[in-house]
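Engineer: Below: one structure in structure tokens.
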Amino acid sequence: MNIPFKLTKIKFLISKNKYRLRFISRIFYIIHKFLCKIYFSYIPSYEKQISTNRLNDIKPFPKKVLNKFYKQKTDEIIFRNYLNHEFDLLGSGWCDCNKYIKQKKISKFKLFTKKKQENFNSHNINNLNYANKSKCSEVAKYISKSYKNIDWHIDIKSGFRWSEKQWYTGIKYGNKIGSDIKYPWELARLQHLPQLTIYLNTLDKRSNKAKNIEKEIYNQILDFIAFNPPLYGVNWSCTMEVAIRAVNILMAISLMSNKEMFIWRKHNNIIINSLYDHAKYILNNLEWSKNRGNHYLTNICGILCLSSLLPETFQTNRWLSFAIAELNREIHHQFNSDGSNFEGSTAYHNLSLEMILFSVIISLNNKESRLIKISKLRPVSYNFLPFYAKTPLKNKLYKNVIFQDKKIYSLYPNSTLQLLVKACTFLEDCSDQQGMHPQVGDNDSGRFLNLRPNWKKIKNKDAKVKFKSPKNFKNSNYLFQQPLLIKNVIELAKSVGIVNSKKIKNSFYYEFGKYIAENKTFDILKPKNFYFINPYGEERNLDLLKKEIIKNNKNNFLKKEIKLPQNISDFKISYRYYPDFGIHLWKNSFIFISIRSIQKKNPFIKSHFHEDQLSITLKLNDKHIFKDFGSYIYTPFPKLRNSYRSRKIHFPTSYEPDTDKALFENLEITSVNCSYSGIKGFSGIYISEYSIDKLVMYFTNKKVLILMGSESKSNKEKFLSKDDARHKLYYSPSYGMLEN
């Protein structure tokens, strides 16, 4: 069939016009982007109507309770550092984060003229884009003259600085070797402010010390608001960071017991408007995608906390309705049926669970009448998701909260609460005798609300021996946060009945959870049989694989015998296997063992996984025999990042070379062929691209025997010799830290 000439001509003209339209739209986009960078000013839509509103009232934290937790001398040192703007960020060591003006060279002809000292505020305002200068200067005038500004845009470890004029979508990172965007992000989370507020509540309100700390809290918040206008600079380039910062500002102000003072009344509008700006930004920049992870969960938790404690309006009710509906759905999306997190990382499991628990506890502060209003809202009226995503589910009321011996409503179904119980059980089972989880997968030391850090003090000379990084140690002692502890998360869960609680003494997070939730607890039917305790395979397979490894020990072979302080039969070892996460666990009062073994046919791999099949953690009392090397860093050194997540680090006899994947590209991990797992031990084989790796671990009365062996699948010589890359790397207990 011949197509008429006119029809082909019309089609040609249409296609030609398409290209013209694309070209014209592209020009307009470039012009718009250029104008935004220079002239656009972000004006909050709530500026006029919030003048008389206040944050929802939270009763002052009982001083008697707080005094139990603030008797240590280390607290004085930490808070003095915060007041001097010194922070230890992700292994940087205690660094001065004040902003300094570069002194201009004075010409020899101007030696006799008077020096004009440039004001810090005016200098910083001149660095902003033109349109935001007037608005930011209005905020900056409320900052005390004696206050030194913080540099919010610098990586204090490398010295690299991002411009505060840069439009948020144009922020680049990972392109300069050695620079790490996580350092300004970590500082701008403002997680030290709620710590200062809680400490302030232990002091006499009339004392100069209390007044100075209160003034410092407001100065730092105003400093951030003035010199980080929304949609500009590094601290508005990631929605997750915006959400965490908003919750920390909100909590710092909400816990302030002296909000009637003049300093609060003067700055009330500015701070609450900024919180609305944060909420508005989060809802307009949700990190939702089909491949979403903890970032989107943080967005939802941020909105849930903000809408719970900001003044109740029709708008905040819509936000709260959306956040609770999405949180219920997201918990089931991001947590497996055995309670483990789907990102394949114990550290991210800990972070995600902490965010959820804080958000659920803060939402319990809402009155029942408000929850009934929210349950009547239609999902269409509060849908902030992209058009291609499924709309949120309608909220329903569930009578599963006990308050003053009566059952009241919540918006959390029993299925959600039971999954949280499983998630807490998984975390408890993964912890060793000291209450620390093994490092499985990525670890960026992330926290949502770091209200009471676990500080550890060591002498300066010991710190220099212990740590490869950080390198700078001030004063006579070095204070650092103990990583990998799960105590705070479990205490939060106990405070609202998600985990069964015995009498807890001197537990800050338990007291805090009960205080915020107003002593409300969930009535939950505890789930059963979500992990395996029965043995898999036949016990004789341990001996079969052991003989096979010993027989082929010509190349890569490792044998380790660990003597035990007592007979295993005297102290029974508990065994559990979590199939969705892929981890086997053995422990009693003096030994902890975990083996990573994903045995699903087609495992679902996310970007925070490591190539760690058959990797083992073994801790005897307080000493590690085998442990995961950690993650160290992400973007500053891509090759080092891949070394820390490669197979060679996790299974030392393997022939597998370092991965050459992109920083957060999913790894190609297949399943383990497990022939036995149970109370007597473990045997398994893992076949990767270059190597066949075998592991046997089994118990006798007074020792544990571990055998590792690998066979090369390649004829290439470079894969036939054992690589010693493992011995060139240092153990990283948390992000940015290295131990010798």
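For the structure tokens, the naming scheme is as follows: chains receive sequential letters (A, B, ...) according to their order of presentation, residues are indexed from 1 within each chain, and ligands are indexed from 1 in presentation order.
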Write down as a VMD selection string the residues belonging to segment 534-593 of chain A that are assigned strand (DSSP E) by DSSP computed on the backbone.

Structural biologist: chain A and resid 536 to 537 556 to 563 574 to 578 583 to 587 591 to 593

Engineer: Write the residues of the preceding selection, restricted to N, CA, C and O atoms, as a short mmCIF file (atom, residue, chain, number, x, y, z; two decimals), in the first residue's frame.

Structural biologist:
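Contents of again-v8.cif, freshly written:
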data_model
loop_
_atom_site.label_atom_id
_atom_site.label_comp_id
_atom_site.auth_asym_id
_atom_site.auth_seq_id
_atom_site.Cartn_x
_atom_site.Cartn_y
_atom_site.Cartn_z
N TYR A 536 20.02 -27.95 59.45
CA TYR A 536 19.77 -28.19 58.03
C TYR A 536 20.85 -29.13 57.50
O TYR A 536 22.03 -28.92 57.75
N GLY A 537 20.46 -30.17 56.75
CA GLY A 537 21.44 -31.11 56.20
C GLY A 537 21.90 -32.12 57.24
O GLY A 537 21.46 -32.12 58.39
N ASN A 556 45.48 -22.12 48.20
CA ASN A 556 44.97 -21.23 49.24
C ASN A 556 44.24 -22.03 50.32
O ASN A 556 43.20 -22.63 50.06
N PHE A 557 44.79 -21.98 51.52
CA PHE A 557 44.26 -22.80 52.60
C PHE A 557 44.48 -22.08 53.93
O PHE A 557 45.52 -21.46 54.15
N LEU A 558 43.47 -22.14 54.81
CA LEU A 558 43.60 -21.53 56.13
C LEU A 558 42.96 -22.45 57.17
O LEU A 558 41.84 -22.93 56.98
N LYS A 559 43.68 -22.68 58.24
CA LYS A 559 43.17 -23.52 59.34
C LYS A 559 43.37 -22.76 60.65
O LYS A 559 44.42 -22.21 60.91
N LYS A 560 42.30 -22.75 61.45
CA LYS A 560 42.36 -22.04 62.73
C LYS A 560 41.65 -22.86 63.80
O LYS A 560 40.49 -23.25 63.63
N GLU A 561 42.37 -23.12 64.89
CA GLU A 561 41.77 -23.79 66.05
C GLU A 561 41.70 -22.80 67.21
O GLU A 561 42.71 -22.23 67.59
N ILE A 562 40.51 -22.63 67.76
CA ILE A 562 40.33 -21.69 68.86
C ILE A 562 39.96 -22.48 70.11
O ILE A 562 38.92 -23.15 70.14
N LYS A 563 40.81 -22.40 71.10
CA LYS A 563 40.54 -23.08 72.37
C LYS A 563 39.51 -22.30 73.17
O LYS A 563 39.57 -21.07 73.24
N SER A 574 23.25 -21.26 71.73
CA SER A 574 22.00 -21.09 70.97
C SER A 574 22.36 -20.92 69.49
O SER A 574 23.36 -20.29 69.15
N TYR A 575 21.54 -21.49 68.62
CA TYR A 575 21.75 -21.37 67.18
C TYR A 575 20.49 -20.80 66.53
O TYR A 575 19.38 -21.25 66.82
N ARG A 576 20.68 -19.82 65.65
CA ARG A 576 19.56 -19.26 64.89
C ARG A 576 20.02 -18.93 63.47
O ARG A 576 21.14 -18.50 63.27
N TYR A 577 19.10 -19.11 62.53
CA TYR A 577 19.38 -18.77 61.14
C TYR A 577 18.25 -17.90 60.61
O TYR A 577 17.07 -18.26 60.69
N TYR A 578 18.63 -16.70 60.08
CA TYR A 578 17.67 -15.79 59.47
C TYR A 578 17.80 -15.92 57.95
O TYR A 578 18.74 -15.41 57.34
N ILE A 583 22.06 -15.09 57.40
CA ILE A 583 23.08 -15.08 58.44
C ILE A 583 22.79 -16.18 59.46
O ILE A 583 21.66 -16.36 59.90
N HIS A 584 23.83 -16.96 59.80
CA HIS A 584 23.77 -17.99 60.83
C HIS A 584 24.45 -17.44 62.08
O HIS A 584 25.52 -16.83 62.00
N LEU A 585 23.85 -17.70 63.25
CA LEU A 585 24.34 -17.12 64.50
C LEU A 585 24.46 -18.20 65.58
O LEU A 585 23.53 -18.98 65.80
N TRP A 586 25.62 -18.21 66.26
CA TRP A 586 25.85 -19.09 67.40
C TRP A 586 26.36 -18.21 68.55
O TRP A 586 27.29 -17.42 68.34
N LYS A 587 25.80 -18.36 69.72
CA LYS A 587 26.35 -17.58 70.84
C LYS A 587 25.93 -18.14 72.19
O LYS A 587 24.91 -18.81 72.33
N ILE A 591 31.07 -16.76 73.83
CA ILE A 591 31.44 -16.84 72.41
C ILE A 591 30.31 -16.32 71.53
O ILE A 591 29.12 -16.47 71.86
N PHE A 592 30.69 -15.65 70.43
CA PHE A 592 29.74 -15.18 69.42
C PHE A 592 30.30 -15.48 68.05
O PHE A 592 31.44 -15.13 67.74
N ILE A 593 29.50 -16.15 67.21
CA ILE A 593 29.92 -16.48 65.84
C ILE A 593 28.78 -16.13 64.89
O ILE A 593 27.62 -16.46 65.15
#

Engineer: Just list the residues in segment 428-622 of chain A DSSP gives helix (DSSP H, G or I) on the backbone, as a PyMOL selection string.

Structural biologist: chain A and resi 428-429+460-466+487-495+508-516+540-551

Engineer: I'd like the contact shell of Gly93 of chain A - 10 Å cut-off, only C-alpha atoms, skipping same-chain residues fewer than 3 positions apart - returned as number ranges by chain.

Structural biologist: A: 86-90, 96, 156-157, 469-474, 478-480, 736-737

Engineer: Just the selected residues (C-alpha atoms), exported as an mmCIF file, in the first residue's frame, please.

Structural biologist:
data_model
loop_
_atom_site.group_PDB
_atom_site.id
_atom_site.type_symbol
_atom_site.label_atom_id
_atom_site.label_comp_id
_atom_site.auth_asym_id
_atom_site.auth_seq_id
_atom_site.Cartn_x
_atom_site.Cartn_y
_atom_site.Cartn_z
ATOM 1 C CA GLU A 86 34.598 21.832 67.774
ATOM 2 C CA PHE A 87 33.137 18.600 66.402
ATOM 3 C CA ASP A 88 34.327 15.045 65.777
ATOM 4 C CA LEU A 89 32.676 14.141 62.474
ATOM 5 C CA LEU A 90 33.002 10.623 61.083
ATOM 6 C CA ASP A 96 37.479 23.632 64.808
ATOM 7 C CA ILE A 156 36.934 19.631 57.441
ATOM 8 C CA LYS A 157 39.046 16.557 56.703
ATOM 9 C CA SER A 469 42.594 7.770 61.418
ATOM 10 C CA PRO A 470 41.835 10.277 62.907
ATOM 11 C CA LYS A 471 45.322 11.701 63.380
ATOM 12 C CA ASN A 472 44.713 14.939 65.275
ATOM 13 C CA PHE A 473 44.228 14.525 69.021
ATOM 14 C CA LYS A 474 43.692 17.564 71.225
ATOM 15 C CA TYR A 478 40.543 11.539 73.171
ATOM 16 C CA LEU A 479 36.769 11.062 73.340
ATOM 17 C CA PHE A 480 35.056 9.085 70.594
ATOM 18 C CA GLY A 736 36.044 7.454 58.447
ATOM 19 C CA MET A 737 37.863 5.658 61.276
#

Engineer: What does the distance from atom CA of Leu250 of chain A to atom CA of Tyr509 of chain A come to in Å, to one decimal?

Structural biologist: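 Atom-to-atom, atom CA of Leu250 of chain A and atom CA of Tyr509 of chain A are spaced 17.8 Å apart.
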
Engineer: Can you list, as a list in words, every protein, DNA or RNA residue that comes within 8 Å of Lys176 of chain A when you count only C-alpha atoms, leaving out same-chain residues fewer than 3 positions away?

Structural biologist: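 Selected residues are Tyr173, Ser179 and Pro636 of chain A.
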
Engineer: Would you export the selected residues with all heavy atoms as a compact mmCIF listing (two decimals), in the first residue's frame, please?

Structural biologist:
# COMPACT_ATOMS: atom_id res chain seq x y z
N TYR A 173 29.49 15.82 43.72
CA TYR A 173 30.39 15.21 44.72
C TYR A 173 30.93 13.90 44.15
O TYR A 173 30.35 13.30 43.25
CB TYR A 173 29.69 15.00 46.06
CG TYR A 173 28.45 14.15 46.02
CD1 TYR A 173 28.51 12.77 46.22
CD2 TYR A 173 27.19 14.71 45.80
CE1 TYR A 173 27.38 11.99 46.19
CE2 TYR A 173 26.05 13.94 45.78
CZ TYR A 173 26.15 12.58 45.98
OH TYR A 173 25.01 11.80 45.96
N SER A 179 37.82 14.46 48.57
CA SER A 179 36.76 15.27 49.18
C SER A 179 35.55 14.40 49.47
O SER A 179 35.19 13.52 48.69
CB SER A 179 36.36 16.42 48.26
OG SER A 179 35.80 15.92 47.06
N PRO A 636 35.19 9.49 48.61
CA PRO A 636 36.49 10.14 48.42
C PRO A 636 37.50 9.30 47.64
O PRO A 636 38.26 9.84 46.85
CB PRO A 636 36.99 10.39 49.85
CG PRO A 636 35.82 10.28 50.72
CD PRO A 636 34.90 9.34 50.05

Engineer: Need to verify the contact set: segment 278-290 of chain A, 7 Å, only C-alpha atoms, exclusion of same-chain residues closer than 5 positions in sequence. Can you return it as a ChimeraX atom specification?

Structural biologist: /A:239,242-243,246,295-296,299,303,384

Engineer: Which neighbours of Ile669 of chain A fall inside 9 Å, counting only C-alpha atoms, when residues of the same chain fewer than 3 positions from it are skipped, and could you give them as a count of residues only?

Structural biologist: 10
